[in-house]
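Data block below; observations after.
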Amino acid sequence: MKTFYITTPIYYANSLPHLGHLYTTIVADVIQRYKKQRGFDTYFLTGTDEHGINIQRAAEKEGRTPKEQVDYVSAELKKMFAEFGLNTENGGYNIFMRTTERFHYEGAQTLWREILKNKTPKGNAPIYKGFYEGWFCAPCAAFKLEDEYYTVEGSDIPLCKIHERPLDKVSEESYFFRLSDYGDELLRIIEEKPERIRPEARRNEVVSFIKSGLQDLSVSREKKSVSWGVPVPGDENHVMYVWLDALSNYITAIGYGNSEKTGFDKYWQNVTHLVGKDILRFHTVYWWAFLLAAGISLPETIYAHGMWLDAEGRKMGKTLGNVIEIEVLQKYFQVDAIRYFVMREMVFGQDGKFGYENLIDRANADLASGLGNLSSRTLSMISKYRDGLIASGKIRESNYLNAKRAGINADEQELVSVLQHTRDEFLRRFDNFEFSQALELIWTVIARIDKMISDAKPWELIKDENQAETLNAVLYRALETLRWISVLIYPVMPESARKIYAQLGLNDDIAKINPENLVWGELAANAKIGETQAVFPRLDKKKIMSEIVENGKLKMENEASTENAGEKTTNEQPATNDEQFITIDDFYKVELKIGEVKVCERIPKADKLLRFEIDLGEEKPRQILAGLAEYYEPESLIGRKVVVVANLKPRMMRGLESQGMICAASLEDGTGEKPAVATFLENVDIGARLK
RNA sequence: GCCCCUGUAGCUCAACGGUUAGAGCAGAGGACUCAUAAUCCUUUGGUUGGGGGUUCAAAUCCCUCCGGGGGCACCA
């Protein structure tokens, strides 16, 4: 039997469940169900990556042991997956992998030993002991490169650009993986079969990365600095570093190097790794090199999918308050509607926009008005006109003319070939990860059947005894098409597909029907349809949106009052649409003042920043940094009166504290944005407030 | 800075170098009643980012400019 193994990344047990986790896992689940229908013996892995310094730190912060910490996070994730029907019980993943499990330790260590046994393509030992030294940021859990930190004058300890805290000089013994020996081999492999890495644009990035030269990779940490990990075989002082540990989960989970799990020989031959585009490189360059080193065959496909942006196309983030909340999705939307939305809306491999409004629109237009309504009107007519009995769709020759009068082609073959073609094309698209386009095809068929019904007007046919067969044919064709559609959409919307299927009066397991084998006419005549019920409820857009917005506001207020005062008040934006207003009180939170520029100078090595000292009528002038250096000569600004946001939280830039912000218009002149500093025509007093 | 991708209707996306560049949503008008205010018909809307070039033929290939996104290593 053909096998198919699909994996999501194992999610780092550092952050609580979010849309990204949900999305990738849904996609994997859809593909897995699809392949199963197509007759593959499938295996579906998801899970959590539970080692590393970040986990250790997070645990310390929460007053837990690392194990307690990862137990908590992985349980949360499992809970979410269960609620979305992605767990084993609901036909979802086969294993929820956890890297803290014993079998994984065994497997990862076996992998290490196997690598040690071999030689690199250039005849060297793949792993050697070396010395790793660098500036280390604990919250980032990473050594920082030159452009990732900055230094304050008078100090030689650099600060992390992200966390604005001092870095530690870390110098430690480390095992290195001789990645530098694998570049040529990797390039050859990619060239040989480029489709292994998709989409193409991402593959190009990987190729150019390899071509730029690979450096050896540190694959261990000393236990004294990172203890939370898989011990390096034969060296008590080291634990494996994240990537080797984490990536190996894909094989340890199916029994590589351990006896607890099974399936490696069976499933590894055809594996698809779904990854976010941000971790593609690790899944190609590093992972492949590890596998080559261990003499294990490479994965069949690595597919990097895009990220979800907000409705306006901005990155989602806490500061913008534009994150899609899992709880909101759960509260207002059917699981299948969400599944449909993510598969239909995002062109797989590209970034997509996710807004609650778009989701409602899709659910209403495609599901409620489209598929739901078609099934509803069809079944309703069967009940009303035929007492719930499915009549044969055959039209006898003597009735051809009647059918023609009603606008119905007596020969159903035309519709049959449309359906077959749609099915074939759907499968082709699906096999090629073109889910959005595959689904679109189904909806052209729905429109076609809707049109057939409108043309034939069953409500008039019923009044004419001579049109009994025409009416039967219309109803049968609609029903039979619904049967096909149910089977095709099953991977994307399992519950709904099952519901529709059952309403057609069928009771075999749709999950096991191979769409390839669909044959027109297999819906038996004289059978009774099932109990009719609406499959996709129409969503009240106004009501739901206003509730979401209201709750969002409440949540923000709660967060604002519990978090450090003032921090979030200035950079928050309305969560959803542009019909929102701020109150006058909101405005007053921003303290805009007139200040006079006393000092203005360039900052060494910073091409955009200018350093100002601005008199706001306070005891001493404020130091403010502003990105105006590309557009203004420092001298020309001295003496100018400018508008300053006076109560902005100070922040460090280039090692200097900026205690406010200078307001400027952002102008488009065709060459890009240019700022124009706000000024007054009248003479204004220093320190005056704008209101 | 170097490299990659991308730009098509108001929005989201299609279109082996080959008919008059198409769908869906949104908008306007009409029809209908089986259906979840649904469906059907008609209709508005395009200098395919700009400019050059190759070709019998360009959204598609090449050059260039402009805009958007992304990659340039040890962070899942």
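Letters for chains follow the order of the structure tokens (A, B, ...), residue numbers begin at 1 for each chain, and ligand numbers begin at 1 in the order shown.
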Restrict the distance test to only C-alpha atoms (C1' of nucleotides), flag each residue of chain B within 6 Å of chain A, and return the flagged residues as a compact mmCIF listing (two decimals) with N, CA, C and O atoms (P, O5', C5', C4', C3', O3' and C1' of nucleotides), in the first residue's frame.
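Okay, iface_23.txt is ready:
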```
# COMPACT_ATOMS: atom_id res chain seq x y z
P C B 5 13.18 35.29 -9.07
O5' C B 5 11.83 35.61 -8.29
C5' C B 5 11.10 34.55 -7.68
C4' C B 5 10.03 35.11 -6.78
C3' C B 5 8.99 35.98 -7.45
O3' C B 5 8.00 35.23 -8.12
C1' C B 5 9.69 37.00 -5.45
P C B 34 -42.39 28.02 -4.25
O5' C B 34 -41.35 27.14 -3.45
C5' C B 34 -41.46 25.75 -3.42
C4' C B 34 -40.10 25.18 -3.24
C3' C B 34 -39.19 25.95 -2.32
O3' C B 34 -39.47 25.63 -0.98
C1' C B 34 -38.00 25.31 -4.26
P A B 35 -39.34 26.71 0.14
O5' A B 35 -37.75 26.84 0.27
C5' A B 35 -36.98 25.72 0.72
C4' A B 35 -35.53 26.10 0.68
C3' A B 35 -35.20 27.39 1.43
O3' A B 35 -34.84 27.05 2.75
C1' A B 35 -34.27 27.45 -0.76
P U B 36 -35.32 27.93 3.97
O5' U B 36 -34.12 28.96 4.10
C5' U B 36 -34.06 29.84 5.22
C4' U B 36 -32.72 30.53 5.18
C3' U B 36 -32.38 31.21 3.86
O3' U B 36 -32.02 32.55 4.13
C1' U B 36 -30.57 29.94 4.68
P C B 40 -26.94 31.67 -9.09
O5' C B 40 -27.96 32.05 -10.25
C5' C B 40 -28.54 31.03 -11.06
C4' C B 40 -29.54 31.65 -12.00
C3' C B 40 -29.01 32.81 -12.82
O3' C B 40 -28.34 32.35 -13.98
C1' C B 40 -31.06 33.43 -11.84
P G B 71 12.46 37.49 5.85
O5' G B 71 13.63 36.86 4.98
C5' G B 71 13.63 35.47 4.69
C4' G B 71 14.83 35.13 3.86
C3' G B 71 16.16 35.54 4.47
O3' G B 71 16.61 34.59 5.42
C1' G B 71 16.11 36.21 2.22
P A B 76 15.64 27.15 18.10
O5' A B 76 14.27 26.36 18.12
C5' A B 76 13.69 25.97 16.95
C4' A B 76 12.23 25.76 17.19
C3' A B 76 11.47 25.60 15.88
O3' A B 76 11.53 24.23 15.50
C1' A B 76 10.33 27.12 17.27
```
**Study point:** Sel. of strand (DSSP E or B) residues, region 415-605 of chain A, as a VMD selection string
**Key:** chain A and resid 528 592 to 602
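Here the question is which of B:A28, B:A21, B:C4, B:C74 gets nearest to G46 (chain B) using only C-alpha atoms (C1' of nucleotides), and that residue is B:A21.
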Review point. Where in region 72-226 of chain A does DSSP assign alpha helix (DSSP H), given as a PyMOL selection string?
Key: chain A and resi 72-83+102-117+183-192+200-211
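Minimum atom-to-atom distance to U47 (chain B), evaluated using only C-alpha atoms (C1' of nucleotides), belongs to B:U8 out of B:U8, B:G1, B:A31, B:G67.
Counting only C-alpha atoms (C1' of nucleotides), region 17-26 of chain A has the following residues at most 7 Å away, ignoring those fewer than 3 positions along the same chain: Thr8, Asp29, Val30, Glu76, Leu77, Ile324, Ile326 and Arg339 of chain A.
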With C-alpha atoms retained, could you export that selection as a compact mmCIF listing (two decimals), in the first residue's frame?
```txt
# COMPACT_ATOMS: atom_id res chain seq x y z
CA THR A 8 3.69 19.92 10.98
CA ASP A 29 -5.03 17.48 8.64
CA VAL A 30 -6.72 18.36 5.36
CA GLU A 76 -2.94 23.64 26.05
CA LEU A 77 -2.04 22.90 22.49
CA ILE A 324 -6.84 36.77 15.57
CA ILE A 326 -8.58 31.52 19.02
CA ARG A 339 -11.05 25.21 7.81
```
Review point. When distances are computed from only C-alpha atoms (C1' of nucleotides), which of A:Ile338, A:Leu280, A:Ile408, A:Leu298 shows the smallest separation from A73 (chain B)?
Key: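 Smallest separation from A73 (chain B) among the options: A:Leu280.
Among the candidates A:Ile127, A:Val590, A:Ile390, A:Leu648, the residue lying nearest to Arg113 (chain A) is A:Ile127 (atoms considered: only C-alpha atoms).
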